[in-house]
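Peer 1: Structure below; questions to follow.
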Amino acid sequence: MTMDRARAEAYPLRRREVVASLIGQRTDLLLVGGLGAPSNDIAAVGDRPNFMPLWGAMGGAAMIGMGLALAQPSKRVLVITGDGEMLMGMGALATIAVKAPGNLSIVVLDNERYGETGGQTTHTSARVDLCGVAEACGIRVVGKVVTAAELEAAKPAILEFAGPCFHVIKVKAEQEEMILPPKDGHYLRDRFRTAVLGAEAAKL
Amino acid sequence: MAEATPWQREIYRVLKAYDVKQVAYVPDAGHAGLIDLCAADNRMKTVVLSTEEEGVAMLAGAWLGGERGVLLMQSSGVGNCINMLSLPRTCGLPLLMLVTMRGEWKEFNPWQIPMGQGTAPVLQQSGSLVFRIDDAKDTADVVDGACRMVFEGCAIGAVQIGQRVIGAKSFGR
Ligand SMILES: Cc1ncc(C[n+]2csc(CCOP(=O)(O)OP(=O)(O)O)c2C)c(N)n1
Ligand SMILES: [Mg+2]
């Protein structure tokens with residue numbers, strides 16, 4: 001199977017605009033950001049306490065979202081991650097499909113690249129189809145987004161529909177300005193738990 | 001349904017006492033009875049994983065959302081978790097692991113030996129406390145001690161459940 005390097009350079013959607021349009025300034029979403037560019041995209045829209053950016057744990061973003069979704073069933077959990085990160089933990093799609101938390105939504109910003117490490121093509125630049133994987137696993141709501149109109153149409157599913165929801169958003173392969181979220185894990189833990197649990201967060 | 005052994009019932013009782021809500025596992029024969037006890041408990045959320053590191057990530061999310069959890073796996077699964085253990089370590093998240101041992105006393109399967117012998121050092125190198133049960137009568141005490149240090153001491157901790165407790169597999173030999 002050949003990898004098509006040029007294809008992702010022509011995708012119309014820009015990742016920063018996609019993320020801004022999805023999350024705006026919302027503070028009710030529990031946000032998990034996959035390492036690297038997806039977390040930077042969220043930070044570019046605005047860092048916030050209900051945001052857990054990852055700087056490692058590659059392959060773990062979706063499952064962090066799952067544990068969070070099970071613990072907080074009344075809140076919407078949104079995981080925004082990269083294609084490389086999702087490919088590393090693809091088995092999580094099976095695990096999530098089977099447990100099926102209705103409040104979990106996963107968005108893959110698919111630039112068909114390992115952007116962070118020099119832009120090497122990922123499997124999705126060939127014919128590997130993460131939506132196909134999610135569908136085959138039995139994830140309840142699955143969608144692929146390529147155009148601005150498709151993004152608008154998919155927003156209710158990404159942000160509200162009973163899930164689990166899984167969307168691949170094809171984004172233009174491009175290097176964005178580095179806007180880094182905080183990286184101290186203890187700081188991120190404390191502010192996130194305080195945002196979710198209030199004063200209870202101080203209890204072990 | 002696997003009939004739970006007395007020591008598996010003890011573990012279940014301790015997990016309940018510590019209000020453990022999320023139970024993630026890749027099955028091991030040594031955990032079968034405990035898995036069934038947890039699955040039958042509608043106040044526990046049991047999740048079967050496709051690989052053990054999913055459980056490390058999931059329980060990080062659980063704690064960020066205010067719930068305690070436990071990861072059940074066999075010794076070979078510890079090898080699958082190494083990089084993901086950097087998550088609870090870097091973020092200071094409690095993580096309880098119960099590890100049924102293979103690749104030690106009376107092991108007949110050579111493929112289990114490398115990771116069975118590597119379990120404790122790998123865990124320690126990854127920042128985990130390591131506890132061990134070799135006599136079933138110590139189960140409640142050791143698991144209780146581990147839970148206290150993990151959940152109240154905010155630590156990463158693993159309890160190795162020795163093959164002497166579980167009984168060595170022999171495949172009819
Ligand atoms: C276990 C592990 N392997 C490799 C890396 C190096 N690495 C960091 S980011 C990254 C690529 C991420 O690609 P993707 O998720 O598609 O994000 P993008 O930057 O393309 O948006 C890689 C391979 C790592 N941090 N951890
Ligand atoms: Mg990518």
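Identifiers for the structure tokens are assigned positionally: chains receive A, B, ... in sequence, residues are indexed from 1 per chain, and ligands are indexed from 1 in the order shown.
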Compile the residues of chain B that lie within 8 Å of chain A, evaluated using only C-alpha atoms, and express the compilation as a PyMOL selection string.
Peer 2: chain B and resi 22+45+47-51+53-55+57-67+83-84+86-87+90-93+151-154
Peer 1: Can you list, as a list in words, every protein, DNA or RNA residue that comes within 8 Å of Arg5 of chain A when you count only C-alpha atoms, leaving out same-chain residues fewer than 3 positions away?
Peer 2: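 Final neighbour list, sorted by chain and number: Ala8, Glu9, Thr121 and Ser125 of chain A.
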Peer 1: Write the selection just made, keeping C-alpha atoms, as a JSON list (two decimals), in the first residue's frame?
Peer 2:
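What follows is the written file result_0.json:
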```json
[["chain", "number", "residue", "atom", "x", "y", "z"],
["A", 8, "ALA", "CA", -2.98, 15.93, 3.46],
["A", 9, "GLU", "CA", -1.46, 19.15, 2.17],
["A", 121, "THR", "CA", 3.64, 9.95, 7.21],
["A", 125, "SER", "CA", -1.69, 8.49, 4.67]]
```
Peer 1: Identify, counting only C-alpha atoms and all ligand atoms, the protein, DNA and RNA residues located within 10 Å of ligand 2, and give them as a PyMOL selection string.
Peer 2: chain A and resi 36-38+81-87+108-117+119-125+170-171+173
Peer 1: Mind writing the picked residues with C-alpha atoms as a compact mmCIF listing (two decimals), in the first residue's frame?
Peer 2:
```txt
# COMPACT_ATOMS: atom_id res chain seq x y z
CA GLY A 36 1.98 17.38 21.00
CA ALA A 37 0.07 19.38 18.45
CA PRO A 38 -3.50 18.57 19.60
CA THR A 81 -5.82 13.69 19.80
CA GLY A 82 -3.65 12.97 16.77
CA ASP A 83 -3.71 10.14 14.27
CA GLY A 84 -0.32 8.90 15.41
CA GLU A 85 -1.41 8.88 19.04
CA MET A 86 -4.65 7.06 18.22
CA LEU A 87 -2.88 4.47 16.09
CA VAL A 108 -8.79 12.60 15.92
CA LEU A 109 -7.13 15.52 14.15
CA ASP A 110 -5.82 13.49 11.24
CA ASN A 111 -3.03 15.23 9.35
CA GLU A 112 -1.73 11.83 8.17
CA ARG A 113 1.57 12.73 9.82
CA TYR A 114 3.60 12.37 12.97
CA GLY A 115 3.73 16.15 13.03
CA GLU A 116 5.66 16.51 16.25
CA THR A 117 8.60 14.38 15.19
CA GLY A 119 6.17 15.11 9.75
CA GLN A 120 6.73 11.47 8.84
CA THR A 121 3.64 9.95 7.21
CA THR A 122 1.40 7.76 9.40
CA HIS A 123 -0.62 4.73 8.32
CA THR A 124 -3.61 6.98 7.60
CA SER A 125 -1.69 8.49 4.67
CA LYS A 170 -8.96 15.41 8.22
CA VAL A 171 -6.80 18.50 8.68
CA ALA A 173 -0.70 19.05 7.18
```
Peer 1: Need the shell around Gly163 of chain A: protein/DNA/RNA residues with any atom at most 8 Å away, counting only C-alpha atoms. Skip same-chain ones fewer than 2 positions apart. Format as an mmCIF file with N, CA, C and O atoms, in the first residue's frame?
Peer 2:
```cif
data_model
loop_
_atom_site.group_PDB
_atom_site.id
_atom_site.type_symbol
_atom_site.label_atom_id
_atom_site.label_comp_id
_atom_site.auth_asym_id
_atom_site.auth_seq_id
_atom_site.Cartn_x
_atom_site.Cartn_y
_atom_site.Cartn_z
ATOM 1 N N ALA A 100 -18.800 1.204 26.257
ATOM 2 C CA ALA A 100 -19.759 2.159 25.688
ATOM 3 C C ALA A 100 -20.225 3.276 26.629
ATOM 4 O O ALA A 100 -21.426 3.471 26.822
ATOM 5 N N PRO A 101 -19.299 4.052 27.192
ATOM 6 C CA PRO A 101 -19.743 5.213 27.980
ATOM 7 C C PRO A 101 -20.389 6.252 27.063
ATOM 8 O O PRO A 101 -19.782 6.706 26.092
ATOM 9 N N GLY A 102 -21.616 6.633 27.371
ATOM 10 C CA GLY A 102 -22.394 7.503 26.485
ATOM 11 C C GLY A 102 -21.895 8.933 26.438
ATOM 12 O O GLY A 102 -22.228 9.687 25.520
ATOM 13 N N ASN A 103 -21.095 9.326 27.429
ATOM 14 C CA ASN A 103 -20.640 10.720 27.517
ATOM 15 C C ASN A 103 -19.225 10.925 26.984
ATOM 16 O O ASN A 103 -18.640 11.977 27.196
ATOM 17 N N LEU A 104 -18.688 9.921 26.315
ATOM 18 C CA LEU A 104 -17.315 10.029 25.803
ATOM 19 C C LEU A 104 -17.315 10.294 24.303
ATOM 20 O O LEU A 104 -17.984 9.596 23.541
ATOM 21 N N SER A 105 -16.547 11.299 23.921
ATOM 22 C CA SER A 105 -16.423 11.644 22.510
ATOM 23 C C SER A 105 -14.945 11.805 22.184
ATOM 24 O O SER A 105 -14.213 12.487 22.897
ATOM 25 N N ILE A 139 -18.326 1.174 17.821
ATOM 26 C CA ILE A 139 -18.513 2.494 18.445
ATOM 27 C C ILE A 139 -19.840 3.059 17.922
ATOM 28 O O ILE A 139 -20.122 2.994 16.723
ATOM 29 N N ARG A 140 -20.643 3.595 18.836
ATOM 30 C CA ARG A 140 -22.037 3.919 18.469
ATOM 31 C C ARG A 140 -22.126 4.977 17.357
ATOM 32 O O ARG A 140 -22.833 4.813 16.387
ATOM 33 N N VAL A 141 -21.418 6.097 17.540
ATOM 34 C CA VAL A 141 -21.497 7.188 16.559
ATOM 35 C C VAL A 141 -20.113 7.392 15.955
ATOM 36 O O VAL A 141 -19.155 7.672 16.678
ATOM 37 N N PHE A 161 -24.329 14.236 21.294
ATOM 38 C CA PHE A 161 -25.035 12.962 21.106
ATOM 39 C C PHE A 161 -24.583 11.915 22.116
ATOM 40 O O PHE A 161 -23.425 11.895 22.536
ATOM 41 N N CYS A 165 -18.773 8.473 20.899
ATOM 42 C CA CYS A 165 -18.677 9.086 19.577
ATOM 43 C C CYS A 165 -17.207 9.121 19.161
ATOM 44 O O CYS A 165 -16.327 9.339 19.988
#
```
Peer 1: As a PyMOL selection string, please: every residue in segment 67-148 of chain B that DSSP puts in alpha helix (DSSP H).
Peer 2: chain B and resi 75-80+86-91+113-125+139-147
Peer 1: I need the residues in segment 4-170 of chain A that are strand (DSSP E) according to DSSP; give them as number ranges by chain.
Peer 2: A: 30-33, 51-53, 77-82, 104-110, 113-114, 120-121, 141-145, 165-170
Peer 1: How would the residues just chosen look if you wrote them out with N, CA and C atoms as a tab-separated table (two decimals), in the first residue's frame?
Peer 2:
```tsv
chain	number	residue	atom	x	y	z
A	30	LEU	N	-15.03	18.24	29.79
A	30	LEU	CA	-13.78	17.74	30.35
A	30	LEU	C	-12.90	17.35	29.17
A	31	LEU	N	-11.80	18.08	29.01
A	31	LEU	CA	-10.99	17.97	27.80
A	31	LEU	C	-9.69	17.24	28.06
A	32	VAL	N	-9.42	16.22	27.27
A	32	VAL	CA	-8.12	15.56	27.30
A	32	VAL	C	-7.45	15.81	25.96
A	33	GLY	N	-6.22	16.29	25.99
A	33	GLY	CA	-5.50	16.58	24.75
A	33	GLY	C	-4.37	15.60	24.54
A	51	PHE	N	-8.94	21.27	31.40
A	51	PHE	CA	-8.18	20.76	30.26
A	51	PHE	C	-6.96	20.00	30.77
A	52	MET	N	-6.84	18.75	30.36
A	52	MET	CA	-5.71	17.91	30.75
A	52	MET	C	-4.86	17.66	29.51
A	53	PRO	N	-3.84	18.49	29.30
A	53	PRO	CA	-2.97	18.26	28.15
A	53	PRO	C	-1.93	17.20	28.48
A	77	VAL	N	-17.15	14.28	28.15
A	77	VAL	CA	-15.70	14.15	28.07
A	77	VAL	C	-15.29	14.16	26.60
A	78	LEU	N	-14.41	15.08	26.26
A	78	LEU	CA	-13.96	15.20	24.87
A	78	LEU	C	-12.45	14.98	24.81
A	79	VAL	N	-12.06	13.98	24.07
A	79	VAL	CA	-10.64	13.70	23.85
A	79	VAL	C	-10.29	14.20	22.45
A	80	ILE	N	-9.30	15.08	22.38
A	80	ILE	CA	-8.83	15.55	21.07
A	80	ILE	C	-7.39	15.09	20.91
A	81	THR	N	-7.15	14.26	19.92
A	81	THR	CA	-5.82	13.69	19.80
A	81	THR	C	-5.39	13.60	18.34
A	82	GLY	N	-4.19	13.08	18.13
A	82	GLY	CA	-3.65	12.97	16.77
A	82	GLY	C	-3.79	11.56	16.22
A	104	LEU	N	-18.69	9.92	26.31
A	104	LEU	CA	-17.31	10.03	25.80
A	104	LEU	C	-17.32	10.29	24.30
A	105	SER	N	-16.55	11.30	23.92
A	105	SER	CA	-16.42	11.64	22.51
A	105	SER	C	-14.95	11.80	22.18
A	106	ILE	N	-14.52	11.17	21.11
A	106	ILE	CA	-13.11	11.22	20.71
A	106	ILE	C	-13.02	11.87	19.33
A	107	VAL	N	-12.11	12.83	19.22
A	107	VAL	CA	-11.86	13.48	17.94
A	107	VAL	C	-10.40	13.28	17.58
A	108	VAL	N	-10.16	12.75	16.41
A	108	VAL	CA	-8.79	12.60	15.92
A	108	VAL	C	-8.54	13.67	14.87
A	109	LEU	N	-7.56	14.53	15.14
A	109	LEU	CA	-7.13	15.52	14.15
A	109	LEU	C	-6.13	14.80	13.24
A	110	ASP	N	-6.61	14.40	12.09
A	110	ASP	CA	-5.82	13.49	11.24
A	110	ASP	C	-5.13	14.28	10.13
A	113	ARG	N	0.16	12.49	9.51
A	113	ARG	CA	1.57	12.73	9.82
A	113	ARG	C	1.84	12.51	11.31
A	114	TYR	N	3.08	12.17	11.62
A	114	TYR	CA	3.60	12.37	12.97
A	114	TYR	C	4.18	13.79	12.96
A	120	GLN	N	6.73	12.75	9.54
A	120	GLN	CA	6.73	11.47	8.84
A	120	GLN	C	5.29	11.00	8.62
A	121	THR	N	5.01	10.39	7.49
A	121	THR	CA	3.64	9.95	7.21
A	121	THR	C	3.23	8.82	8.17
A	141	VAL	N	-21.42	6.10	17.54
A	141	VAL	CA	-21.50	7.19	16.56
A	141	VAL	C	-20.11	7.39	15.95
A	142	VAL	N	-20.01	7.24	14.65
A	142	VAL	CA	-18.72	7.39	13.98
A	142	VAL	C	-18.89	8.33	12.80
A	143	GLY	N	-17.97	9.27	12.66
A	143	GLY	CA	-18.09	10.18	11.53
A	143	GLY	C	-16.74	10.65	11.01
A	144	LYS	N	-16.71	10.93	9.72
A	144	LYS	CA	-15.50	11.46	9.10
A	144	LYS	C	-15.81	12.86	8.57
A	145	VAL	N	-14.91	13.78	8.82
A	145	VAL	CA	-15.13	15.18	8.48
A	145	VAL	C	-13.97	15.65	7.60
A	165	CYS	N	-18.77	8.47	20.90
A	165	CYS	CA	-18.68	9.09	19.58
A	165	CYS	C	-17.21	9.12	19.16
A	166	PHE	N	-17.00	8.91	17.89
A	166	PHE	CA	-15.63	8.92	17.37
A	166	PHE	C	-15.63	9.63	16.02
A	167	HIS	N	-14.86	10.68	15.93
A	167	HIS	CA	-14.79	11.43	14.67
A	167	HIS	C	-13.35	11.61	14.23
A	168	VAL	N	-13.12	11.37	12.97
A	168	VAL	CA	-11.83	11.69	12.37
A	168	VAL	C	-12.03	12.97	11.57
A	169	ILE	N	-11.24	13.97	11.90
A	169	ILE	CA	-11.31	15.23	11.15
A	169	ILE	C	-10.01	15.35	10.35
A	170	LYS	N	-10.14	15.29	9.07
A	170	LYS	CA	-8.96	15.41	8.22
A	170	LYS	C	-8.52	16.87	8.20
```
Peer 1: Could you pull the residues within 10 Å of Ala2 of chain B, counting only C-alpha atoms, minus those fewer than 3 positions along the same chain, as a ChimeraX atom specification?
Peer 2: /B:5,29,31-37
Peer 1: If we count only C-alpha atoms, what is near Cys147 of chain B at a cut-off of 8 Å, once residues fewer than 3 positions away on the same chain are taken out, given as a ChimeraX atom specification?
Peer 2: /B:15,18,96,143-144,150-152
Peer 1: Atom CA of Asp28 of chain A and atom 19 (O, counted along the ligand's line) of ligand 1, how far apart in Å?
Peer 2: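 Value for the atom 19 (O, counted along the ligand's line) of ligand 1-atom CA of Asp28 of chain A distance: 25.8 Å.
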